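Data block below; observations after.
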Amino acid sequence: MSRIKQLVAVASLALATVIPTHAADRGEPYALVRDSERGTSMTGDSADWSAVKTLRKRISGDFLWFRDSGKAYIVQDAGVLARARKAWEPVDKLGKEMDVHGREMDKHGKVMDALGKDMERAAAGTKPDEAKMHALERRMNDAGKPMDALGKQMDALGKRMDAESRTADKTVRALIREALDKGLAQPAPQV
């Protein structure tokens, strides 16, 4: 191979790694919009969210919305959508677990709030009820233990969700590239 061909090959490779071809490679926004109670998985900002909400009212069924070089597209291909939903399943499952822990945390939070109000009443006045305040403090410490444990579980779950989200994001971005390459992406209706 001549020196010029080698330089051209190296330059082409460098450009291919530096200049992304599709939105999927550049981290442009996308949304997997589900026509069910499971909602939407999305990257982007509030303007993107407004566009997706408007499209959700105008497009029946599930769709994948994304931007590529500033232009909005949708994909409604059943195979692409099935693979995108599959990519987000682990995140959805972990989200349901997080919701369960959140509801449990709320229950414990209400108990703590009630104990805090009792503590305020015991401390009120010119002569606080020290014995009652110490008893309430012990009860608050005991009531806080399950919250600490739940907080640790939720933190670990959040880390797992973050890792699964990164994996799902990578998969969906590859699906976007595939949809563009195969002509499965259509310009999105104007909003």
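Numbering starts fresh at 1 for the residues of each chain in the structure tokens, the chains themselves are lettered A, B, ... in the order given, and ligands are numbered from 1 as they appear.
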*Write out as number ranges by chain each polymer residue whose atoms come within 10 Å of region 90-95 of chain A, counting only C-alpha atoms; drop sequence neighbours fewer than 5 positions from it.*
A: 38, 41, 85, 100-101, 157-158, 160-168
_I want to know what sits within 9 Å of Gly109 (chain A), based on only C-alpha atoms, with residues of the same chain fewer than 4 positions away left out; could you give that as an MDAnalysis selection string?_
chainID A and resid 104:105 113:114 143:144 147
_Restricting the calculation to only C-alpha atoms: of A:Gly102, A:Val52, A:Ala135, A:Arg58, which residue gets closest to Asp118 (chain A)?_
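Going through A:Gly102, A:Val52, A:Ala135, A:Arg58 one by one, the smallest distance to Asp118 (chain A) is for A:Ala135.
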*asked:* So that I can check the secondary structure, give me every residue of chain A assigned strand (DSSP E or B) by backbone DSSP, as a PyMOL selection string.
replied: chain A and resi 30-33+40-43+63-68+71-75+186-187
Using C-alpha atoms, can you export the residues from the last selection as a tab-separated table (two decimals), in the first residue's frame?
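Below is the file that was written, again_20.tsv:
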chain	number	residue	atom	x	y	z
A	30	TYR	CA	-34.91	9.76	21.71
A	31	ALA	CA	-38.05	8.39	23.33
A	32	LEU	CA	-39.55	4.92	23.37
A	33	VAL	CA	-43.24	5.76	23.60
A	40	THR	CA	-42.18	6.49	28.05
A	41	SER	CA	-38.44	5.96	28.33
A	42	MET	CA	-36.72	9.12	27.15
A	43	THR	CA	-33.53	11.11	26.85
A	63	PHE	CA	-43.31	4.31	18.48
A	64	LEU	CA	-39.67	5.25	18.77
A	65	TRP	CA	-39.07	8.99	18.32
A	66	PHE	CA	-35.61	10.46	17.86
A	67	ARG	CA	-33.71	13.37	16.40
A	68	ASP	CA	-30.90	13.02	13.89
A	71	LYS	CA	-34.61	16.41	12.27
A	72	ALA	CA	-37.25	14.38	14.13
A	73	TYR	CA	-38.08	10.82	13.08
A	74	ILE	CA	-40.35	8.02	14.24
A	75	VAL	CA	-40.09	4.27	13.89
A	186	GLN	CA	-39.93	8.11	8.85
A	187	PRO	CA	-39.91	11.86	9.31
*By how many Å are CA of Ser36 (chain A) and CA of Met98 (chain A) apart?*
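CA of Met98 (chain A) lies at a distance of 19.9 Å from CA of Ser36 (chain A).
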*asked:* List as a ChimeraX atom specification the protein and nucleic acid residues near Val172 (chain A), meaning an atom at most 8 Å away when only C-alpha atoms are counted, but skip any in the same chain fewer than 4 places from it.
replied: /A:24,84,87,168,176
*Would you mind reading off the distance between CA of Gly151 (chain A) and CA of Gly44 (chain A), one decimal, in Å?*
28.3 Å
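Going from CA of Leu136 (chain A) to CA of Ala124 (chain A) covers 14.0 Å.
Considering the residues A:Thr126, A:Ser46, A:Asn141, A:Gln76 and counting only C-alpha atoms, Met112 (chain A) has its shortest atom-to-atom contact with A:Asn141.
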*DSSP on the backbone, then: every residue of region 72-130 of chain A marked helix (DSSP H, G or I), written as JSON, numbers by chain.*
{"A": [78, 79, 80, 81, 82, 83, 84, 85, 86, 87, 88, 89, 90, 91, 92, 93, 94, 95, 96, 97, 98, 99, 100, 101, 102, 103, 104, 105, 106, 107, 108, 109, 110, 111, 112, 113, 114, 115, 116, 117, 118, 119, 120, 121, 122, 123, 130]}
Just the selected residues (C-alpha atoms), exported as a CSV table (one decimal), in the first residue's frame, please.
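Everything below was put into again.csv:
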chain,number,residue,atom,x,y,z
A,78,ALA,CA,-42.8,-4.0,15.1
A,79,GLY,CA,-39.4,-5.7,15.3
A,80,VAL,CA,-37.5,-2.6,16.2
A,81,LEU,CA,-40.1,-1.7,18.8
A,82,ALA,CA,-40.0,-5.2,20.3
A,83,ARG,CA,-36.3,-5.1,20.7
A,84,ALA,CA,-36.4,-1.6,22.2
A,85,ARG,CA,-39.0,-2.7,24.7
A,86,LYS,CA,-36.9,-5.7,25.6
A,87,ALA,CA,-33.9,-3.5,26.2
A,88,TRP,CA,-35.8,-1.4,28.7
A,89,GLU,CA,-37.5,-4.4,30.5
A,90,PRO,CA,-34.8,-4.8,33.2
A,91,VAL,CA,-35.1,-1.0,34.0
A,92,ASP,CA,-38.9,-1.2,34.1
A,93,LYS,CA,-38.7,-4.2,36.5
A,94,LEU,CA,-36.2,-2.4,38.8
A,95,GLY,CA,-38.4,0.7,38.7
A,96,LYS,CA,-41.3,-1.4,40.0
A,97,GLU,CA,-39.1,-2.7,42.8
A,98,MET,CA,-38.0,0.9,43.6
A,99,ASP,CA,-41.7,1.9,43.7
A,100,VAL,CA,-42.4,-0.8,46.3
A,101,HIS,CA,-39.5,0.4,48.4
A,102,GLY,CA,-40.6,4.0,48.0
A,103,ARG,CA,-44.1,3.2,49.3
A,104,GLU,CA,-42.6,1.4,52.3
A,105,MET,CA,-40.3,4.4,52.9
A,106,ASP,CA,-43.4,6.6,52.9
A,107,LYS,CA,-45.1,4.5,55.6
A,108,HIS,CA,-42.0,4.8,57.8
A,109,GLY,CA,-41.8,8.5,57.1
A,110,LYS,CA,-45.3,9.0,58.3
A,111,VAL,CA,-44.5,7.3,61.6
A,112,MET,CA,-41.4,9.5,61.9
A,113,ASP,CA,-43.5,12.6,61.3
A,114,ALA,CA,-46.0,11.6,63.9
A,115,LEU,CA,-43.2,10.9,66.4
A,116,GLY,CA,-41.6,14.3,65.6
A,117,LYS,CA,-44.9,16.1,66.3
A,118,ASP,CA,-45.2,14.2,69.6
A,119,MET,CA,-41.6,15.3,70.4
A,120,GLU,CA,-42.5,18.9,69.7
A,121,ARG,CA,-45.5,18.7,72.0
A,122,ALA,CA,-43.4,17.1,74.7
A,123,ALA,CA,-40.8,19.9,74.4
A,130,GLU,CA,-37.8,15.1,79.6
*Skip Leu55 (chain A) itself and residues of its chain fewer than 5 positions away, then list as a PyMOL selection string all residues within 9 Å of it, counting only C-alpha atoms.*
chain A and resi 50+65+188-191
Those residues with C-alpha atoms, as a PDB file, in the first residue's frame please?
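The result, stored in again18.pdb:
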ATOM      1  CA  SER A  50     -43.445  18.487  24.742  1.00  0.00           C
ATOM      2  CA  TRP A  65     -39.072   8.990  18.324  1.00  0.00           C
ATOM      3  CA  ALA A 188     -42.032  12.650  12.390  1.00  0.00           C
ATOM      4  CA  PRO A 189     -45.249  14.583  11.829  1.00  0.00           C
ATOM      5  CA  GLN A 190     -44.769  18.298  12.467  1.00  0.00           C
ATOM      6  CA  VAL A 191     -45.812  19.388  15.961  1.00  0.00           C
TER       7      VAL A 191
END
